[in-house]
>>> print(open('my_file-v4.cif').read())   # mmCIF, C-alpha atoms and all ligand atoms
data_entry
#
loop_
_atom_site.group_PDB
_atom_site.id
_atom_site.type_symbol
_atom_site.label_atom_id
_atom_site.label_comp_id
_atom_site.auth_asym_id
_atom_site.auth_seq_id
_atom_site.Cartn_x
_atom_site.Cartn_y
_atom_site.Cartn_z
ATOM 1 C CA MET A 1 322.952 199.108 134.733
ATOM 2 C CA PRO A 2 321.639 201.305 131.878
ATOM 3 C CA LYS A 3 322.354 205.033 132.302
ATOM 4 C CA LEU A 4 319.434 207.319 131.468
ATOM 5 C CA THR A 5 319.966 210.930 130.441
ATOM 6 C CA VAL A 6 316.835 213.018 129.917
ATOM 7 C CA LYS A 7 317.006 216.326 128.052
ATOM 8 C CA ALA A 8 314.259 218.953 127.790
ATOM 9 C CA ASN A 9 313.664 218.679 124.038
ATOM 10 C CA GLN A 10 315.022 217.173 120.822
ATOM 11 C CA SER A 11 317.382 220.089 120.215
ATOM 12 C CA GLU A 12 319.025 219.776 123.640
ATOM 13 C CA LEU A 13 319.033 216.001 123.266
ATOM 14 C CA SER A 14 320.860 216.237 119.919
ATOM 15 C CA ARG A 15 323.416 218.620 121.419
ATOM 16 C CA TYR A 16 324.026 216.289 124.354
ATOM 17 C CA ALA A 17 324.300 213.355 121.943
ATOM 18 C CA ALA A 18 326.901 215.269 119.900
ATOM 19 C CA GLU A 19 328.947 215.920 123.054
ATOM 20 C CA PHE A 20 328.556 212.242 124.000
ATOM 21 C CA PHE A 21 329.689 211.175 120.508
ATOM 22 C CA VAL A 22 332.752 213.483 120.655
ATOM 23 C CA SER A 23 333.834 212.299 124.100
ATOM 24 C CA THR A 24 333.344 208.629 123.178
ATOM 25 C CA ALA A 25 335.266 209.111 119.941
ATOM 26 C CA ASN A 26 338.182 210.938 121.529
ATOM 27 C CA ARG A 27 338.453 208.382 124.320
ATOM 28 C CA ALA A 28 338.664 205.574 121.729
ATOM 29 C CA ILE A 29 341.189 207.491 119.612
ATOM 30 C CA ASP A 30 343.332 208.264 122.686
ATOM 31 C CA ASP A 31 343.170 204.614 123.807
ATOM 32 C CA GLY A 32 343.517 202.805 120.497
ATOM 33 C CA GLY A 33 344.234 205.267 117.739
ATOM 34 C CA ARG A 34 340.859 204.929 116.037
ATOM 35 C CA PHE A 35 337.084 205.118 116.646
ATOM 36 C CA THR A 36 334.729 202.552 115.158
ATOM 37 C CA VAL A 37 331.081 203.590 115.221
ATOM 38 C CA SER A 38 327.930 201.925 113.959
ATOM 39 C CA LEU A 39 325.373 204.588 113.080
ATOM 40 C CA SER A 40 321.615 204.309 113.325
ATOM 41 C CA GLY A 41 319.213 205.413 110.637
ATOM 42 C CA GLY A 42 315.699 206.783 110.750
ATOM 43 C CA SER A 43 314.856 210.406 111.473
ATOM 44 C CA THR A 44 315.923 210.948 115.093
ATOM 45 C CA PRO A 45 319.718 211.015 114.617
ATOM 46 C CA LYS A 46 319.649 213.379 111.606
ATOM 47 C CA ALA A 47 319.938 216.466 113.826
ATOM 48 C CA LEU A 48 322.838 214.842 115.676
ATOM 49 C CA TYR A 49 324.682 214.175 112.411
ATOM 50 C CA GLY A 50 324.084 217.760 111.282
ATOM 51 C CA LEU A 51 325.473 219.089 114.564
ATOM 52 C CA LEU A 52 328.601 216.923 114.313
ATOM 53 C CA ALA A 53 329.234 218.363 110.848
ATOM 54 C CA SER A 54 328.652 221.943 112.051
ATOM 55 C CA ASP A 55 331.427 224.468 112.801
ATOM 56 C CA GLU A 56 330.673 223.974 116.511
ATOM 57 C CA PHE A 57 331.708 220.286 116.554
ATOM 58 C CA ALA A 58 333.506 219.490 113.280
ATOM 59 C CA ASP A 59 337.003 220.288 114.588
ATOM 60 C CA GLN A 60 336.596 218.365 117.849
ATOM 61 C CA ILE A 61 337.339 214.939 116.310
ATOM 62 C CA GLU A 62 340.164 213.742 114.017
ATOM 63 C CA TRP A 63 337.731 212.404 111.398
ATOM 64 C CA PRO A 64 340.370 210.402 109.437
ATOM 65 C CA LYS A 65 340.592 208.207 112.561
ATOM 66 C CA VAL A 66 336.837 207.535 112.575
ATOM 67 C CA PHE A 67 335.436 204.484 110.759
ATOM 68 C CA PHE A 68 331.723 204.541 110.069
ATOM 69 C CA PHE A 69 329.446 201.527 109.803
ATOM 70 C CA PHE A 70 325.656 201.194 109.772
ATOM 71 C CA GLY A 71 323.706 199.065 112.236
ATOM 72 C CA ASP A 72 321.106 198.513 109.573
ATOM 73 C CA GLU A 73 319.983 199.568 106.123
ATOM 74 C CA ARG A 74 316.942 199.389 103.957
ATOM 75 C CA PHE A 75 317.406 197.203 100.874
ATOM 76 C CA VAL A 76 317.085 200.169 98.530
ATOM 77 C CA PRO A 77 319.514 201.984 96.203
ATOM 78 C CA ALA A 78 322.085 204.157 97.986
ATOM 79 C CA ASP A 79 320.520 207.266 96.422
ATOM 80 C CA SER A 80 316.985 206.351 97.522
ATOM 81 C CA SER A 81 315.223 208.763 99.875
ATOM 82 C CA ASP A 82 314.737 205.731 102.166
ATOM 83 C CA SER A 83 318.457 204.945 102.350
ATOM 84 C CA ASN A 84 320.101 205.416 105.741
ATOM 85 C CA PHE A 85 323.405 205.836 103.917
ATOM 86 C CA ARG A 86 321.989 208.676 101.821
ATOM 87 C CA MET A 87 320.679 210.453 104.936
ATOM 88 C CA VAL A 88 324.064 210.221 106.672
ATOM 89 C CA ASN A 89 325.996 211.015 103.495
ATOM 90 C CA GLU A 90 324.053 214.256 103.078
ATOM 91 C CA SER A 91 324.045 215.279 106.755
ATOM 92 C CA LEU A 92 327.523 214.141 107.838
ATOM 93 C CA PHE A 93 329.895 212.523 105.334
ATOM 94 C CA ARG A 94 329.736 215.120 102.545
ATOM 95 C CA PRO A 95 329.868 218.198 104.787
ATOM 96 C CA LEU A 96 332.882 216.741 106.631
ATOM 97 C CA ARG A 97 334.441 215.408 103.429
ATOM 98 C CA VAL A 98 334.827 211.979 105.044
ATOM 99 C CA ALA A 99 337.099 209.782 102.922
ATOM 100 C CA GLU A 100 335.421 206.867 101.179
ATOM 101 C CA GLN A 101 337.792 204.384 102.840
ATOM 102 C CA ASN A 102 336.392 205.460 106.231
ATOM 103 C CA ILE A 103 332.804 204.644 105.259
ATOM 104 C CA PHE A 104 331.460 201.094 105.285
ATOM 105 C CA ARG A 105 327.978 201.204 103.825
ATOM 106 C CA TRP A 106 325.827 198.173 103.076
ATOM 107 C CA LYS A 107 326.144 197.600 99.307
ATOM 108 C CA THR A 108 322.504 197.395 98.327
ATOM 109 C CA GLU A 109 323.356 197.083 94.641
ATOM 110 C CA PHE A 110 323.535 193.296 95.053
ATOM 111 C CA ASP A 111 320.696 191.413 93.376
ATOM 112 C CA ASN A 112 319.468 189.955 96.645
ATOM 113 C CA PRO A 113 319.622 190.985 100.319
ATOM 114 C CA ASP A 114 321.368 187.805 101.475
ATOM 115 C CA ASP A 115 324.331 188.540 99.205
ATOM 116 C CA ALA A 116 324.412 192.148 100.435
ATOM 117 C CA ALA A 117 324.481 190.913 104.049
ATOM 118 C CA ALA A 118 327.187 188.326 103.316
ATOM 119 C CA ASP A 119 329.299 191.000 101.606
ATOM 120 C CA TYR A 120 328.931 193.376 104.567
ATOM 121 C CA GLU A 121 329.795 190.612 107.016
ATOM 122 C CA THR A 122 332.957 189.786 105.031
ATOM 123 C CA ARG A 123 334.038 193.431 105.002
ATOM 124 C CA ILE A 124 333.501 193.730 108.756
ATOM 125 C CA ILE A 125 335.477 190.527 109.370
ATOM 126 C CA ASP A 126 338.306 191.857 107.190
ATOM 127 C CA PHE A 127 338.321 195.302 108.816
ATOM 128 C CA PHE A 128 338.415 193.959 112.387
ATOM 129 C CA GLY A 129 340.640 190.980 111.483
ATOM 130 C CA LEU A 130 338.194 188.559 113.094
ATOM 131 C CA ALA A 131 338.761 184.848 113.521
ATOM 132 C CA SER A 132 335.950 182.428 112.681
ATOM 133 C CA GLY A 133 333.057 182.847 115.139
ATOM 134 C CA GLU A 134 334.419 186.124 116.532
ATOM 135 C CA PHE A 135 332.294 189.267 116.717
ATOM 136 C CA PRO A 136 333.517 192.861 116.210
ATOM 137 C CA ILE A 137 333.752 195.248 119.158
ATOM 138 C CA PHE A 138 332.400 198.622 118.045
ATOM 139 C CA ASP A 139 333.515 201.543 120.192
ATOM 140 C CA LEU A 140 330.027 202.983 119.822
ATOM 141 C CA MET A 141 326.799 201.356 118.651
ATOM 142 C CA LEU A 142 324.278 204.136 118.076
ATOM 143 C CA LEU A 143 320.701 202.835 118.120
ATOM 144 C CA GLY A 144 317.203 204.118 117.556
ATOM 145 C CA LEU A 145 313.914 202.792 118.923
ATOM 146 C CA GLY A 146 310.804 202.111 116.910
ATOM 147 C CA ASP A 147 307.386 202.511 118.559
ATOM 148 C CA ASP A 148 306.989 198.735 118.174
ATOM 149 C CA GLY A 149 310.169 198.161 120.146
ATOM 150 C CA HIS A 150 312.426 197.387 117.214
ATOM 151 C CA THR A 151 316.001 198.584 117.044
ATOM 152 C CA ALA A 152 318.337 198.508 114.054
ATOM 153 C CA SER A 153 316.214 196.334 111.788
ATOM 154 C CA LEU A 154 315.517 193.761 114.481
ATOM 155 C CA PHE A 155 311.735 193.864 114.390
ATOM 156 C CA PRO A 156 309.344 191.898 116.642
ATOM 157 C CA GLY A 157 308.552 188.453 115.282
ATOM 158 C CA THR A 158 311.327 188.396 112.694
ATOM 159 C CA ARG A 159 313.931 185.695 112.132
ATOM 160 C CA ALA A 160 316.963 187.907 112.703
ATOM 161 C CA LEU A 161 316.077 188.165 116.402
ATOM 162 C CA SER A 162 317.282 184.629 117.039
ATOM 163 C CA VAL A 163 320.440 184.684 114.912
ATOM 164 C CA THR A 164 323.504 184.066 117.084
ATOM 165 C CA ASP A 165 326.125 182.932 114.561
ATOM 166 C CA ARG A 166 326.130 185.815 112.106
ATOM 167 C CA ILE A 167 327.353 189.430 112.154
ATOM 168 C CA ALA A 168 325.069 190.791 109.452
ATOM 169 C CA VAL A 169 321.905 189.334 107.970
ATOM 170 C CA ALA A 170 319.001 190.073 105.686
ATOM 171 C CA ASN A 171 315.719 190.184 107.559
ATOM 172 C CA CYS A 172 312.256 189.837 106.021
ATOM 173 C CA VAL A 173 309.967 192.333 107.778
ATOM 174 C CA GLU A 174 306.409 191.342 106.868
ATOM 175 C CA LYS A 175 304.811 194.438 108.403
ATOM 176 C CA LEU A 176 306.860 196.552 106.013
ATOM 177 C CA ASP A 177 306.529 194.063 103.155
ATOM 178 C CA ALA A 178 310.249 194.571 102.696
ATOM 179 C CA PHE A 179 313.661 193.113 103.334
ATOM 180 C CA ARG A 180 315.934 194.978 105.710
ATOM 181 C CA LEU A 181 319.660 194.490 106.387
ATOM 182 C CA THR A 182 320.778 194.427 110.007
ATOM 183 C CA MET A 183 323.560 193.691 112.425
ATOM 184 C CA THR A 184 322.629 191.007 114.946
ATOM 185 C CA PHE A 185 322.319 191.003 118.720
ATOM 186 C CA PRO A 186 325.711 189.308 119.276
ATOM 187 C CA VAL A 187 327.332 192.275 117.507
ATOM 188 C CA ILE A 188 325.225 194.927 119.233
ATOM 189 C CA ASN A 189 325.826 193.378 122.658
ATOM 190 C CA ASN A 190 329.562 193.104 121.997
ATOM 191 C CA SER A 191 329.904 196.903 121.740
ATOM 192 C CA SER A 192 331.989 198.915 124.189
ATOM 193 C CA VAL A 193 329.192 201.489 124.340
ATOM 194 C CA ALA A 194 325.620 201.069 123.121
ATOM 195 C CA ALA A 195 323.575 204.266 123.110
ATOM 196 C CA PHE A 196 319.900 204.656 122.243
ATOM 197 C CA LEU A 197 318.827 208.065 120.997
ATOM 198 C CA VAL A 198 315.062 208.403 121.533
ATOM 199 C CA SER A 199 312.848 211.432 121.074
ATOM 200 C CA GLY A 200 309.142 212.177 120.972
ATOM 201 C CA GLU A 201 305.811 211.312 122.542
ATOM 202 C CA SER A 202 305.302 208.403 120.148
ATOM 203 C CA LYS A 203 308.082 206.473 121.912
ATOM 204 C CA ALA A 204 306.811 207.101 125.490
ATOM 205 C CA ASP A 205 304.776 203.910 125.826
ATOM 206 C CA VAL A 206 307.361 201.538 124.366
ATOM 207 C CA LEU A 207 310.172 203.199 126.317
ATOM 208 C CA ALA A 208 308.316 202.736 129.598
ATOM 209 C CA ARG A 209 307.724 199.074 128.772
ATOM 210 C CA ILE A 210 311.432 198.590 128.163
ATOM 211 C CA ILE A 211 312.866 200.680 131.012
ATOM 212 C CA ASP A 212 310.283 200.140 133.751
ATOM 213 C CA GLU A 213 309.035 196.671 132.886
ATOM 214 C CA GLN A 214 312.079 195.198 131.086
ATOM 215 C CA ALA A 215 309.545 193.827 128.582
ATOM 216 C CA THR A 216 311.617 190.979 127.157
ATOM 217 C CA ASP A 217 309.281 190.518 124.194
ATOM 218 C CA LEU A 218 310.576 193.769 122.710
ATOM 219 C CA PRO A 219 313.759 193.551 120.621
ATOM 220 C CA ALA A 220 315.280 196.757 122.042
ATOM 221 C CA ALA A 221 315.025 195.215 125.520
ATOM 222 C CA GLN A 222 317.438 192.520 124.314
ATOM 223 C CA VAL A 223 320.203 195.137 124.019
ATOM 224 C CA ARG A 224 322.276 194.322 127.083
ATOM 225 C CA PRO A 225 325.986 194.789 126.302
ATOM 226 C CA THR A 226 327.989 191.843 127.675
ATOM 227 C CA SER A 227 330.722 194.020 129.138
ATOM 228 C CA GLY A 228 330.049 197.400 127.580
ATOM 229 C CA ASP A 229 327.971 200.328 128.791
ATOM 230 C CA LEU A 230 324.326 200.949 127.883
ATOM 231 C CA HIS A 231 323.065 204.520 127.645
ATOM 232 C CA TRP A 232 319.573 205.852 126.945
ATOM 233 C CA LEU A 233 319.702 209.402 125.629
ATOM 234 C CA ILE A 234 316.079 210.590 125.668
ATOM 235 C CA ASP A 235 314.005 213.754 125.723
ATOM 236 C CA THR A 236 311.211 214.579 128.170
ATOM 237 C CA SER A 237 308.503 213.709 125.629
ATOM 238 C CA ALA A 238 309.829 210.184 125.193
ATOM 239 C CA ALA A 239 310.354 209.915 128.966
ATOM 240 C CA SER A 240 306.834 211.128 129.811
ATOM 241 C CA ASN A 241 305.554 207.684 130.867
ATOM 242 C CA LEU A 242 308.644 206.591 132.767
ATOM 243 C CA GLN A 243 308.355 205.864 136.477
ATOM 244 C CA SER A 244 312.091 205.552 136.948
ATOM 245 C CA THR A 245 313.727 208.880 136.021
HETATM 246 C C1 LIG B 301 315.968 202.558 110.502
HETATM 247 C C2 LIG B 301 316.592 202.585 111.858
HETATM 248 C C3 LIG B 301 315.566 202.187 112.864
HETATM 249 C C4 LIG B 301 315.228 203.486 113.571
HETATM 250 C C5 LIG B 301 313.923 203.382 114.298
HETATM 251 C C6 LIG B 301 313.513 204.751 114.861
HETATM 252 O O1 LIG B 301 316.581 202.050 109.565
HETATM 253 O O2 LIG B 301 314.862 203.127 110.412
HETATM 254 O O3 LIG B 301 317.775 202.098 112.009
HETATM 255 O O4 LIG B 301 315.954 201.230 113.793
HETATM 256 O O5 LIG B 301 316.287 203.821 114.462
HETATM 257 O O6 LIG B 301 312.949 202.935 113.370
HETATM 258 O O7 LIG B 301 313.314 205.604 113.753
HETATM 259 P P1 LIG B 301 312.985 207.168 113.967
HETATM 260 O O8 LIG B 301 314.217 207.784 114.520
HETATM 261 O O9 LIG B 301 312.670 207.654 112.575
HETATM 262 O O10 LIG B 301 311.808 207.220 114.918
#
>>> encode(input="my_file-v4.cif", output="structure tokens", more="lines below")
Ligand code: 6PG
Amino acid sequence: MPKLTVKANQSELSRYAAEFFVSTANRAIDDGGRFTVSLSGGSTPKALYGLLASDEFADQIEWPKVFFFFGDERFVPADSSDSNFRMVNESLFRPLRVAEQNIFRWKTEFDNPDDAAADYETRIIDFFGLASGEFPIFDLMLLGLGDDGHTASLFPGTRALSVTDRIAVANCVEKLDAFRLTMTFPVINNSSVAAFLVSGESKADVLARIIDEQATDLPAAQVRPTSGDLHWLIDTSAASNLQST
């Protein structure tokens, strides 16, 4: 059963999300000696990343035991203003001086997105020591929600939605006239903890369709961890159309 947490505004939501991140990380480190996290991009989590890098939170996690991945990426140069890696690098990695070997970014310098996805998939397989057909188990899969119901770069009507035998794929998103790079549902649903971070009035309608109506036509509604926990961390603006809070 998904667990909903509603906070008064984006600032309180980001603070709660930082506390959630710290407790999830420290539980994983205590249990297994490391914390593997797949980060989300977009604008919502930026405040969370800044908080984690702040004096208030920075010393609450043993960062050398944290291994960072990205649930999706735009197929743009790593220094592009559209790059999820660049956003996280500026808000979290650089301020915390995270070692390069702890950061697994999508290498968008490949000539084509399929090669970039294949490279990322190989690096994930190597890191987790996966056998053929196995999927990684991320300790935390941090996700955002688009107002069209997409999550990661799993957009409505795109081919990646139906991929069940890959970890990472390139996905042509016609509405954006662009290729995106994304982890697939088998990976997302294999996570120990999947947590959506959703803020703002613009997400109220789509959130209600997912939470109240379980609208199965929306990609984010397909996030149902097989054995892990599902959390919705939302603010009152995003929750404003919900019946069930
Ligand atoms: C991306 C994200 C994407 C994002 C949603 C919400 O690459 O943009 O991974 O899935 O989480 O689009 O974006 P906002 O937080 O900007 O609303």
>>> residues_near_point(input="my_file-v4.cif", point="(323.3, 187.0, 113.5)", cutoff="8 Å", atoms="only C-alpha atoms", output="JSON list (two decimals) with C-alpha atoms, keeping the file's coordinate frame")
[["chain", "number", "residue", "atom", "x", "y", "z"],
["A", 160, "ALA", "CA", 316.96, 187.91, 112.70],
["A", 161, "LEU", "CA", 316.08, 188.16, 116.40],
["A", 162, "SER", "CA", 317.28, 184.63, 117.04],
["A", 163, "VAL", "CA", 320.44, 184.68, 114.91],
["A", 164, "THR", "CA", 323.50, 184.07, 117.08],
["A", 165, "ASP", "CA", 326.12, 182.93, 114.56],
["A", 166, "ARG", "CA", 326.13, 185.82, 112.11],
["A", 167, "ILE", "CA", 327.35, 189.43, 112.15],
["A", 168, "ALA", "CA", 325.07, 190.79, 109.45],
["A", 169, "VAL", "CA", 321.90, 189.33, 107.97],
["A", 183, "MET", "CA", 323.56, 193.69, 112.42],
["A", 184, "THR", "CA", 322.63, 191.01, 114.95],
["A", 185, "PHE", "CA", 322.32, 191.00, 118.72],
["A", 186, "PRO", "CA", 325.71, 189.31, 119.28],
["A", 187, "VAL", "CA", 327.33, 192.28, 117.51]]
>>> residues_around(input="my_file-v4.cif", residues="Asp229 in chain A", least_positions_apart="3", cutoff="10 Å", atoms="only C-alpha atoms", output="NGL selection string")
:A and (1-3 or 140 or 189 or 191-195 or 224-226)
>>> residues_around(input="my_file-v4.cif", residues="Val173 in chain A", least_positions_apart="5", cutoff="10 Å", atoms="all atoms listed in the file", output="PyMOL selection string")
chain A and resi 153-160+178-180
>>> residues_around(input="my_file-v4.cif", residues="Thr151 in chain A", least_positions_apart="5", cutoff="9 Å", atoms="all atoms listed in the file", output="list in words")
Ser40, Leu143, Gly144, Leu145, Gly146, Phe196, Pro219, Ala220 and Val223 of chain A
>>> write_last_selection(input="my_file-v4.cif", atoms="C-alpha atoms", output="PDB file, in the coordinates of the input")
ATOM      1  CA  SER A  40     321.615 204.309 113.325  1.00  0.00           C
ATOM      2  CA  LEU A 143     320.701 202.835 118.120  1.00  0.00           C
ATOM      3  CA  GLY A 144     317.203 204.118 117.556  1.00  0.00           C
ATOM      4  CA  LEU A 145     313.914 202.792 118.923  1.00  0.00           C
ATOM      5  CA  GLY A 146     310.804 202.111 116.910  1.00  0.00           C
ATOM      6  CA  PHE A 196     319.900 204.656 122.243  1.00  0.00           C
ATOM      7  CA  PRO A 219     313.759 193.551 120.621  1.00  0.00           C
ATOM      8  CA  ALA A 220     315.280 196.757 122.042  1.00  0.00           C
ATOM      9  CA  VAL A 223     320.203 195.137 124.019  1.00  0.00           C
TER      10      VAL A 223
END
>>> closest_residue(input="my_file-v4.cif", among="A:Arg15, A:Arg74, A:Arg34, A:Arg97", to="ligand LIG 301 (chain B)", atoms="only C-alpha atoms and all ligand atoms")
A:Arg74
>>> atom_distance(input="my_file-v4.cif", atom1="CA of Asp31 in chain A", atom2="CA of Glu62 in chain A")
13.7 Å
>>> residues_around(input="my_file-v4.cif", residues="Gly149 in chain A", least_positions_apart="6", cutoff="10 Å", atoms="all atoms listed in the file", output="PyMOL selection string")
chain A and resi 155-156+203+205-207+209-210+215+217-221
>>> axis_aligned_box(input="my_file-v4.cif", around="ligand LIG 301 (chain B)", padding_each_side="3 Å", output="lines of an AutoDock Vina configuration file")
center_x = 314.8
center_y = 204.5
center_z = 112.2
size_x = 12.0
size_y = 12.6
size_z = 11.4
>>> atom_distance(input="my_file-v4.cif", atom1="CA of Gln243 in chain A", atom2="CA of Leu230 in chain A")
18.8 Å
>>> closest_residue(input="my_file-v4.cif", among="A:Leu48, A:Ala99, A:Ala131, A:Ala28", to="ligand LIG 301 (chain B)", atoms="only C-alpha atoms and all ligand atoms")
A:Leu48
>>> residues_near_point(input="my_file-v4.cif", point="(319.8, 203.2, 105.4)", cutoff="6 Å", atoms="all atoms listed in the file", output="PDB file with C-alpha atoms, in the coordinates of the input")
ATOM      1  CA  GLY A  41     319.213 205.413 110.637  1.00  0.00           C
ATOM      2  CA  GLU A  73     319.983 199.568 106.123  1.00  0.00           C
ATOM      3  CA  ARG A  74     316.942 199.389 103.957  1.00  0.00           C
ATOM      4  CA  SER A  83     318.457 204.945 102.350  1.00  0.00           C
ATOM      5  CA  ASN A  84     320.101 205.416 105.741  1.00  0.00           C
ATOM      6  CA  PHE A  85     323.405 205.836 103.917  1.00  0.00           C
TER       7      PHE A  85
END
>>> closest_atom_pairs(input="my_file-v4.cif", of="range 92-112 of chain A", to="range 63-68 of chain A", cutoff="12 Å", atoms="all atoms listed in the file", output="tab-separated table")
residue	atom	partner	partner_atom	distance
A:Leu92	CA	A:Phe68	CA	10.7
A:Phe93	CA	A:Phe68	CA	9.5
A:Pro95	CA	A:Trp63	CA	11.8
A:Leu96	CA	A:Trp63	CA	8.1
A:Arg97	CA	A:Trp63	CA	9.1
A:Val98	CA	A:Trp63	CA	7.0
A:Ala99	CA	A:Pro64	CA	7.3
A:Glu100	CA	A:Phe67	CA	9.9
A:Gln101	CA	A:Phe67	CA	8.3
A:Asn102	CA	A:Phe67	CA	4.7
A:Ile103	CA	A:Phe68	CA	4.9
A:Phe104	CA	A:Phe68	CA	5.9
A:Arg105	CA	A:Phe68	CA	8.0
A:Trp106	CA	A:Phe68	CA	11.1
>>> closest_residue(input="my_file-v4.cif", among="A:Ile124, A:Leu197, A:Val22, A:Ala117", to="Gly42 in chain A", atoms="all atoms listed in the file")
A:Leu197
>>> atom_distance(input="my_file-v4.cif", atom1="CA of Gly33 in chain A", atom2="CA of Gly50 in chain A")
24.6 Å
>>> residues_around(input="my_file-v4.cif", residues="Ala116 in chain A", least_positions_apart="5", cutoff="6 Å", atoms="all atoms listed in the file", output="list in words")
Lys107, Thr108 and Phe110 of chain A
>>> closest_residue(input="my_file-v4.cif", among="A:Phe70, A:Trp232, A:Phe128, A:Phe138", to="ligand LIG 301 (chain B)", atoms="only C-alpha atoms and all ligand atoms")
A:Phe70
>>> closest_residue(input="my_file-v4.cif", among="A:Phe127, A:Gly32, A:Ile61, A:Ser240", to="Phe20 in chain A", atoms="only C-alpha atoms")
A:Ile61
>>> closest_residue(input="my_file-v4.cif", among="A:Ala118, A:Asp59, A:Ala78, A:Leu51", to="Ser91 in chain A", atoms="only C-alpha atoms")
A:Leu51
>>> decode(input="my_file-v4.cif", residues="range 28-42 of chain A", atoms="N, CA, C and O atoms", output="PDB file, in the first residue's frame")
ATOM      1  N   ALA A  28      20.340   1.533   4.957  1.00  0.00           N
ATOM      2  CA  ALA A  28      21.017   0.688   3.953  1.00  0.00           C
ATOM      3  C   ALA A  28      22.487   0.493   4.322  1.00  0.00           C
ATOM      4  O   ALA A  28      23.034  -0.615   4.224  1.00  0.00           O
ATOM      5  N   ILE A  29      23.135   1.564   4.761  1.00  0.00           N
ATOM      6  CA  ILE A  29      24.558   1.476   5.122  1.00  0.00           C
ATOM      7  C   ILE A  29      24.739   0.570   6.345  1.00  0.00           C
ATOM      8  O   ILE A  29      25.632  -0.280   6.385  1.00  0.00           O
ATOM      9  N   ASP A  30      23.841   0.712   7.331  1.00  0.00           N
ATOM     10  CA  ASP A  30      23.910  -0.163   8.518  1.00  0.00           C
ATOM     11  C   ASP A  30      23.697  -1.635   8.116  1.00  0.00           C
ATOM     12  O   ASP A  30      24.367  -2.534   8.609  1.00  0.00           O
ATOM     13  N   ASP A  31      22.741  -1.855   7.211  1.00  0.00           N
ATOM     14  CA  ASP A  31      22.391  -3.236   6.828  1.00  0.00           C
ATOM     15  C   ASP A  31      23.427  -3.858   5.886  1.00  0.00           C
ATOM     16  O   ASP A  31      23.773  -5.027   6.013  1.00  0.00           O
ATOM     17  N   GLY A  32      23.889  -3.067   4.915  1.00  0.00           N
ATOM     18  CA  GLY A  32      24.714  -3.678   3.867  1.00  0.00           C
ATOM     19  C   GLY A  32      26.014  -2.980   3.541  1.00  0.00           C
ATOM     20  O   GLY A  32      26.712  -3.368   2.601  1.00  0.00           O
ATOM     21  N   GLY A  33      26.300  -1.918   4.287  1.00  0.00           N
ATOM     22  CA  GLY A  33      27.591  -1.260   4.099  1.00  0.00           C
ATOM     23  C   GLY A  33      27.648  -0.242   2.978  1.00  0.00           C
ATOM     24  O   GLY A  33      28.675   0.412   2.759  1.00  0.00           O
ATOM     25  N   ARG A  34      26.536  -0.096   2.252  1.00  0.00           N
ATOM     26  CA  ARG A  34      26.492   0.923   1.197  1.00  0.00           C
ATOM     27  C   ARG A  34      25.054   1.328   0.930  1.00  0.00           C
ATOM     28  O   ARG A  34      24.119   0.629   1.366  1.00  0.00           O
ATOM     29  N   PHE A  35      24.880   2.436   0.184  1.00  0.00           N
ATOM     30  CA  PHE A  35      23.544   2.942  -0.179  1.00  0.00           C
ATOM     31  C   PHE A  35      23.557   3.239  -1.671  1.00  0.00           C
ATOM     32  O   PHE A  35      24.386   4.034  -2.139  1.00  0.00           O
ATOM     33  N   THR A  36      22.698   2.533  -2.396  1.00  0.00           N
ATOM     34  CA  THR A  36      22.609   2.793  -3.846  1.00  0.00           C
ATOM     35  C   THR A  36      21.312   3.557  -4.104  1.00  0.00           C
ATOM     36  O   THR A  36      20.232   3.129  -3.713  1.00  0.00           O
ATOM     37  N   VAL A  37      21.437   4.715  -4.736  1.00  0.00           N
ATOM     38  CA  VAL A  37      20.280   5.573  -4.957  1.00  0.00           C
ATOM     39  C   VAL A  37      20.225   6.007  -6.415  1.00  0.00           C
ATOM     40  O   VAL A  37      21.249   6.359  -7.010  1.00  0.00           O
ATOM     41  N   SER A  38      19.019   5.938  -6.972  1.00  0.00           N
ATOM     42  CA  SER A  38      18.795   6.472  -8.315  1.00  0.00           C
ATOM     43  C   SER A  38      18.057   7.794  -8.159  1.00  0.00           C
ATOM     44  O   SER A  38      16.956   7.842  -7.589  1.00  0.00           O
ATOM     45  N   LEU A  39      18.690   8.865  -8.623  1.00  0.00           N
ATOM     46  CA  LEU A  39      18.147  10.210  -8.438  1.00  0.00           C
ATOM     47  C   LEU A  39      17.189  10.579  -9.567  1.00  0.00           C
ATOM     48  O   LEU A  39      17.307  10.077 -10.686  1.00  0.00           O
ATOM     49  N   SER A  40      16.253  11.470  -9.256  1.00  0.00           N
ATOM     50  CA  SER A  40      15.396  11.986 -10.318  1.00  0.00           C
ATOM     51  C   SER A  40      15.897  13.373 -10.726  1.00  0.00           C
ATOM     52  O   SER A  40      16.615  14.042  -9.979  1.00  0.00           O
ATOM     53  N   GLY A  41      15.495  13.774 -11.909  1.00  0.00           N
ATOM     54  CA  GLY A  41      15.899  15.066 -12.433  1.00  0.00           C
ATOM     55  C   GLY A  41      14.760  16.055 -12.341  1.00  0.00           C
ATOM     56  O   GLY A  41      13.933  15.967 -11.436  1.00  0.00           O
ATOM     57  N   GLY A  42      14.732  16.994 -13.270  1.00  0.00           N
ATOM     58  CA  GLY A  42      13.680  18.009 -13.239  1.00  0.00           C
ATOM     59  C   GLY A  42      13.994  19.074 -12.203  1.00  0.00           C
ATOM     60  O   GLY A  42      15.105  19.147 -11.672  1.00  0.00           O
TER      61      GLY A  42
END
